[in-house]
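Here the structure comes first, spelled out in structure tokens, and everything after it is commentary.
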Amino acid sequence: MSGTAAAVSTAEVRDERYYLASQWQLAWRKFRSHRLAIAGGWVLAAFYLLAVFADFIAPYDVNVRSSFIYMPPQRVRVLADGRLRAPFVYATTSEVDLHSFARTYTEDESVRYPVRLLARGYEYRLLGLIPARIHLFGVAEPATLFLFGTDNLGRDFFSRVMLAARVSLSIGLVGVALSFVLGVLLGGVSGYYGGTVDLFVQRLIEFLLSIPKIPLWMALAAALPVDWPVVKVYFGITIILSVIGWTGLARVVRGKLLQLREEDYSTAAVVAGAGDWQIILRHLLPGFMSYLIVTLTLAIPQMVLAETALSFLGIGLKPPAVSWGVLLQDAQNVRTVALYPWLLLPGVFIIITVMAFNFLGDGARDAADPYR
Amino acid sequence: MTKTRDWILALMLSAIGAAVALAGAADEQGAAGADANTPAAAMSATGGPQMWATLAVYESETGNRIPSISESPMLASRVAAGELPPVEERISEEPMVVLPYAEIGRYGGTLRGKSVRPAGDNDIEFMRGQPMLRVSPDLTDLLPNIAKGWEFNADKTSLTVYLRAGARWSDGAPFTTDDIMFWYEDMILNDQISPSKPGWMLLDGELINATKVDDTAVRFDFSKPYPPMLSVLATLINVPVFAPAHYVSRWHIDHNEDAEALAKEEGFDNWWSAFLFHNPPRLGARKEAELPVMNTWMLDRVDSSNNRYFVRNPYYWKIDTAGNQLPYIDEHVAVFVEDVEVLVLKEIAGEIDYSGTWHRMDNVPLYRENEASGGFRVLVWRAPRNTHPIILNSLHKDPVLREIFSDIRFRQALSLSVNREELNTTFFFGLATPRNYHVSPFSALFEQWMADYFIEYDPDRANGLLDEMGLPWDADGKYRLRPDGEPLTLIIDHIKRAARDAAVFKDYFEALGIRTITKEEEPSLINARRRANEHDLVWREKAEVNEMNMRTRFGGPFAFPTFDTHVPWYQWHVSGGQEGLEPPEDVKELFRLVEEWLTTEPNSDAYVALGKQILEINTRNLWTITALGMEPYPVIFKDTLRNTPEQALWDWPYRFWMPYMPEQWFYAE
Amino acid sequence: MLDYIARRGLFTLLLLALVSVVSFVIIQLPPGDYLSTYIMALQEQGEDVSEAQIETLRAHYGLGLPIYVQYFKWMWGVVRGNFGVSFEWNAPVAALIGERLALTLTIAVVTMVFTYLLAIPIGIYSATHQYSVGDYTFTTVGFIGLATPNFLLALILMFLFFKYLGLSVGGLFSPEYLGEPWSIGKVFDLIRHLPIPIIVVGTAGTAAIVRIMRGSLLDELRRQYVITARAKGLKERALLFKYPVRVAVNPIVSTIGWALPSTISGATITAIVLSLPTAGPLLLRSLRSQDMYLAASIVMILSAMTILGTFVSDLLLAWVDPRIRFERSRA
């Protein structure tokens, strides 16, 4: 008897928790059941962690050259003489063939160089604050450890990709945050009030959208002063991206608001004496939150991609700054695709990032849907 | 004449030999191709094509006779149809005779070139364009071309140029002295068309004078001896010194009273806009099929993808030793590609038959891999020019920087900071030669010590020099401070393609404690800033230092062309002190020496002595610092294309393809 | 409705005028002019240009005049159908653009049709079969397309097509058809060259539209009226297409107007990499070289197309969703 009662009450409690859960708690439950979204979330978490500790993870300084030019990714070995060993590498020698003009790399298998964890390397500031020389891994000279190979100046490509993650991963967030605020504000006002305000905002959007992006970008990029340091240029470019970014969002918000304000519950809210912003934020916004989230999650990766596009056009970040876009721009030639394909790795990172964001957004969309 | 040529050739060959030997032991261990990498080897093997000014000269010098003239079947059919006069009447009474590189060719085929710039690359323009005189295939001599000959008076103040009797424009109209006089009187002297006059036409501020002697002779008079006029006439290809008067005079107000109305009718603001549209000041800009030319091939049409199609000039005035009218190849197309990488793909697919501009050594492995499948050959030539010039802006707006830049120790330090060996192995497979700003080794003016001046890599000594100048380090020991306490900063602005090289130079400079910002920019912005004097320094991928350029003065302020910098000094000089800024004494001295040098006969004792003196002033002042010379440079030829040089020099002062006579290239079966 | 059209039409005209000014000004913003590009381009190839030559050219191009004078001169021509002369090409702008606009539109329209034909059914399928294998497959493939930078995809595809299919790359025609008149063979050759641009430009667009379609349709499907209709026994198919799909298409319709210009714009990078003879690369090149009449004309034409497109899509929207027609202001 008591046992059954207990069982019932547990079920009731579970039920009750379900019914009493706030919308966000419900959303979180649903989100967790979306496996791809969770996977996306984990990937992104890992990437952002990589970005934060990039210089700890990177074994080499991003700008240090070596004589190993266009060296393919090096193999870390665990087998020698048929036995399992601690990870090690062989030292490599390079040779240039003056007929084919190809550089060939041969491993000298006589000496093994162990890959050391927490090895000492170049100096950097951990989290931008603490001076440090310890790196996640490294290898003693004269051996080298180029996990992703080297580029046209013999720089360690792995380190470059790691450091580049910082710019590429943050530019999307900052840019979208800016566009989001602008988009919801102006789109909301426009869609809700209609009339003259709507007309004005709509024409402004139309105007911005009607100017082809490339000249607009180029004009804005040309306005950035020559002697600006990399950080300022970075923010400048974020702003350039959001100048156009917000318009799409505003249109979406406006379109949905136009529709929703005709709904009965909206009229009811007006009749009940609710204020305008209260109606927009409390009654109308939740009505298309899911849609907004889809748009938003598609907007972040779009910013990431736009950054690469800017770099391609030569108006984005430029060397010596490193971002995935900058690295890809270097790889944008036939010889790289044909002979040095490892230099396309930043592209893989971009694809994974963008997909992860999309899956995450997908999960968020389903979770935020109040009707399911 | 032949003797001098042989002598200079020998000198040049030995010099190149030395240069290549210097390029390092790498050559020796290189595969079979490495030995042939010396221009010397190939050039001496073939002897290059030979040419005779006219048929008469050929027959008298060689004792050979050319019994009959033949022509391309393509033209023969037009003659048969009555559209063209017979070939004997088209090649002028005095055609030039050419002995091809290797063999007499066969007619036919379409030469597929390329163009990355809409109006045509130098690749195209300098293989079809024809100058008055030409540079010999071994680059050592000047030969007749459109002009069959020339004559200087005793003191070299007057030059008479003789045209071929019966020569014709590509539309069949006679080509006479009047076409040169039209260019001189109606274009150069006309202030609407030429608001300012070309620098090479001005001697001490006075314009060269041109006079018609008769229909085939024109005389240029100078206010003082001017032997380099010949070099000028041999290198003016895209800005010719003649114009088809019979065609373009209708748009000229002095020849047509209604020119103004005609221009308005065609939608132009004024007559000279219409004139310049129909007869653009530069060859590459010509779009009109009907504009008569003297070129090997003439523009026939442009399709909607901007591919440009050329056909042979039926009135071309050169024949080979078997009496065939040149060129061998009937048609020529410049395939337009928007993007250099697409060009690379087209090249490795074998879709381009010859290609030189826009190449870089990085692509050679790719070319080599696809040679067989694409049916082409990649040849590694040499470019005698220097690489990576650094020119500090001595006229900087910031007085502190101006002060620092004018200190020779600063320039010496920069030169010592450059690791030329590294640049050589990184960018040129070790095949170039470390060289500071100096002419190439086969010039009579070459001096080893000048080429080697401050080329060693010695950052310690460089830092010592900067310490001596009193440029202290900041508290962190990272950067040096200027006398006013600011960090010493240089901005290197560069084009996208040079980003990799700029990154290396940034490191070199930063090793001296000079904070260096590399800035990738659109070419137009870089140029605009330099013209507005808003740059710290000029830094590029390459610099042309060459006797030919020195002689023709197609350059800037110093003896050599430097790049859009220090223009005010040059203006001061050419305007006789009226405009621009007065340069410092040693620069004034340099200008004086250059003027004097230009009056000397090339290769005379005075010429060599003065030339070396000019170079020495440049060297000692290190106004321009460079890294390497004689860089390897890849060019591409289709397998079936014959009579092309195996090894040669790729050089702008000689106008790239021009000396190698594309009109005698041909397709084997 | 007529009143609505008239009002919107008037604003459209005003906007067009504004755009013409802005497109001209934008071109002038970066320092320098065509000459600085020109000189640099010559030096790039190793040539030197003298001061005298520069002065001659400056006069020739009329670059000494104040901007507003240049603008009005240009505008006066534009009104009469003369867009000026391109410096770099030494050819009338109208001829240059006219030649390329047709190809540009062809590619854009084909790509758009491809995109919509693919995206809307997939979107509907994904929404009605949420979390099915099909949904996941489409989602993943779509996302990969969306995630790959266009220029990279274009270059890699181009290389692969060259390497494994032996396709002549760059441009829209093989060398054997260069300069040939139109023929069956040439048309087939063109068709062989179209897949790369369509794939590259289309992938990103398709994925985006699939996501939007799926998202809005899912929203609609859970609405009361759908449940009611379903409860009343309406056939699933009829129900789906009668209302929810129509409503869900709404946000896509609202973007169709500027989809064309944005396809053209978005195709620019692809077109550059592929060396297509379309308007995009022409625009970028003219911007870089500050070939101002050409650049300003292209910017203006593309802008005008967008503005007119938006106008059309607003009318479409009013037609699809009658509620918007009766625009009212609540005050």
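So you can find residues: chains in the structure tokens are A, B, ... in the order shown, residues in each start at 1, and ligands are numbered from 1 in order.
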Exercise answer, chain A residues close to chain B, 6 Å and only C-alpha atoms, as a PyMOL selection string: chain A and resi 98-102+333
Chain C residues within 6 Å of chain A, counting only C-alpha atoms: which ones, as number ranges by chain?
C: 26, 29-30, 143, 147-148, 303, 306-307, 329
Please, could you write that set of residues out with C-alpha atoms as a compact mmCIF listing (two decimals), in the first residue's frame?
```
# COMPACT_ATOMS: atom_id res chain seq x y z
CA ILE C 26 30.55 55.04 -52.79
CA LEU C 29 35.07 57.11 -51.17
CA PRO C 30 38.35 55.24 -51.40
CA PHE C 143 24.50 22.21 -43.75
CA ALA C 147 29.08 25.75 -44.36
CA THR C 148 31.58 25.63 -47.20
CA SER C 303 20.43 48.44 -56.94
CA THR C 306 16.74 45.06 -56.11
CA ILE C 307 14.45 48.00 -55.50
CA SER C 329 -2.19 52.10 -38.42
```
Show me, as a short mmCIF file (atom, residue, chain, number, x, y, z; two decimals) with N, CA and C atoms, in the first residue's frame, every residue of chain B with an atom at most 6 Å from chain C, counting only C-alpha atoms.
```cif
data_model
loop_
_atom_site.label_atom_id
_atom_site.label_comp_id
_atom_site.auth_asym_id
_atom_site.auth_seq_id
_atom_site.Cartn_x
_atom_site.Cartn_y
_atom_site.Cartn_z
N PRO B 118 41.88 43.65 -68.77
CA PRO B 118 40.90 43.75 -69.84
C PRO B 118 41.47 44.27 -71.14
N ALA B 119 42.36 45.25 -71.06
CA ALA B 119 42.84 45.87 -72.28
C ALA B 119 44.04 45.13 -72.85
N SER B 194 48.50 66.42 -75.80
CA SER B 194 49.64 66.19 -74.91
C SER B 194 49.87 67.40 -74.01
N PRO B 195 49.08 67.51 -72.94
CA PRO B 195 49.22 68.67 -72.05
C PRO B 195 50.66 68.78 -71.50
N SER B 196 51.31 67.66 -71.30
CA SER B 196 52.72 67.73 -70.95
C SER B 196 53.44 66.74 -71.85
N LYS B 197 54.69 66.99 -72.06
CA LYS B 197 55.41 66.22 -73.08
C LYS B 197 56.19 65.06 -72.45
N PRO B 198 56.34 63.98 -73.17
CA PRO B 198 57.07 62.85 -72.62
C PRO B 198 58.48 63.23 -72.19
N SER B 304 32.11 38.60 -76.56
CA SER B 304 31.42 39.09 -75.37
C SER B 304 32.12 38.65 -74.09
N SER B 305 33.00 37.67 -74.16
CA SER B 305 33.77 37.28 -72.98
C SER B 305 35.09 38.04 -72.91
N VAL B 337 41.17 35.91 -68.96
CA VAL B 337 40.87 35.22 -67.70
C VAL B 337 40.78 36.25 -66.60
N GLU B 338 39.71 36.12 -65.79
CA GLU B 338 39.50 37.10 -64.73
C GLU B 338 40.52 36.94 -63.61
N VAL B 342 42.85 30.91 -62.38
CA VAL B 342 42.22 30.25 -63.52
C VAL B 342 43.24 30.14 -64.65
N PRO B 523 46.16 48.05 -55.02
CA PRO B 523 47.23 48.80 -55.68
C PRO B 523 46.90 50.29 -55.80
N SER B 524 45.63 50.57 -56.10
CA SER B 524 45.27 51.97 -56.32
C SER B 524 45.48 52.81 -55.06
N ASN B 527 49.21 53.44 -54.48
CA ASN B 527 49.70 54.44 -55.41
C ASN B 527 49.22 55.84 -55.04
N ALA B 528 47.94 55.91 -54.66
CA ALA B 528 47.39 57.22 -54.31
C ALA B 528 48.14 57.80 -53.12
N GLY B 555 61.98 56.61 -66.33
CA GLY B 555 61.82 56.36 -64.91
C GLY B 555 61.72 57.64 -64.15
N TRP B 652 61.69 43.41 -68.54
CA TRP B 652 60.89 44.51 -69.06
C TRP B 652 61.70 45.49 -69.90
#
```
Practice prompt. Report as a ChimeraX atom specification: the residues of region 104-307 of chain A with a DSSP assignment of strand (DSSP E or B), based on the backbone of this structure.
Written response: /A:104-114,116-126,130-138,150,156
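Atom pair CA of Trp228 (chain A) / CA of Ile404 (chain B): separated by 23.0 Å.
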Close residues, region 152-154 of chain A itself excluded, 6 Å, only C-alpha atoms, min 3 positions apart in chain, as a VMD selection string: chain A and resid 65 to 70
| message | Could you go through region 345-505 of chain B and tell me which residues DSSP, when run on the backbone, assigns to alpha helix (DSSP H), listing them as a ChimeraX atom specification? | response | /B:345-348,364-374,399-405,408-417,420-428,448-451,459-469,499-505
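For the pair CA of Met630 (chain B) and CA of Leu142 (chain B), the interatomic distance is 22.4 Å.
By chain and then residue number, the residues within 9 Å of Phe114 (chain C) are Val109, Val110, Leu118, Ala119, Ile198, Gly202 and Thr206 of chain C, counting only C-alpha atoms and disregarding those fewer than 4 positions away in sequence.
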- Message: List as JSON, numbers by chain the protein and nucleic acid residues near His135 (chain A), meaning an atom at most 9 Å away when only C-alpha atoms are counted, but skip any in the same chain fewer than 4 places from it.
- Response: {"A": [55, 56, 57, 58, 59, 60, 117, 118, 119, 120, 121, 122]}
- Query: Could you name the residues that touch Trp572 (chain B) at 9 Å or less, counting only C-alpha atoms, but leaving out those on the same chain fewer than 5 positions away, as an MDAnalysis selection string?
  - Reply: chainID B and resid 567 577:583
For the residues in that selection, give me C-alpha atoms as a compact mmCIF listing (two decimals), in the first residue's frame.
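Final output, part.txt:
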```txt
# COMPACT_ATOMS: atom_id res chain seq x y z
CA VAL B 567 58.82 62.92 -57.60
CA GLY B 577 64.15 74.55 -60.61
CA GLN B 578 60.71 76.03 -61.36
CA GLU B 579 58.63 73.29 -59.75
CA GLY B 580 59.04 70.59 -57.15
CA LEU B 581 61.54 70.61 -54.32
CA GLU B 582 65.23 71.27 -54.43
CA PRO B 583 67.09 68.02 -53.83
```
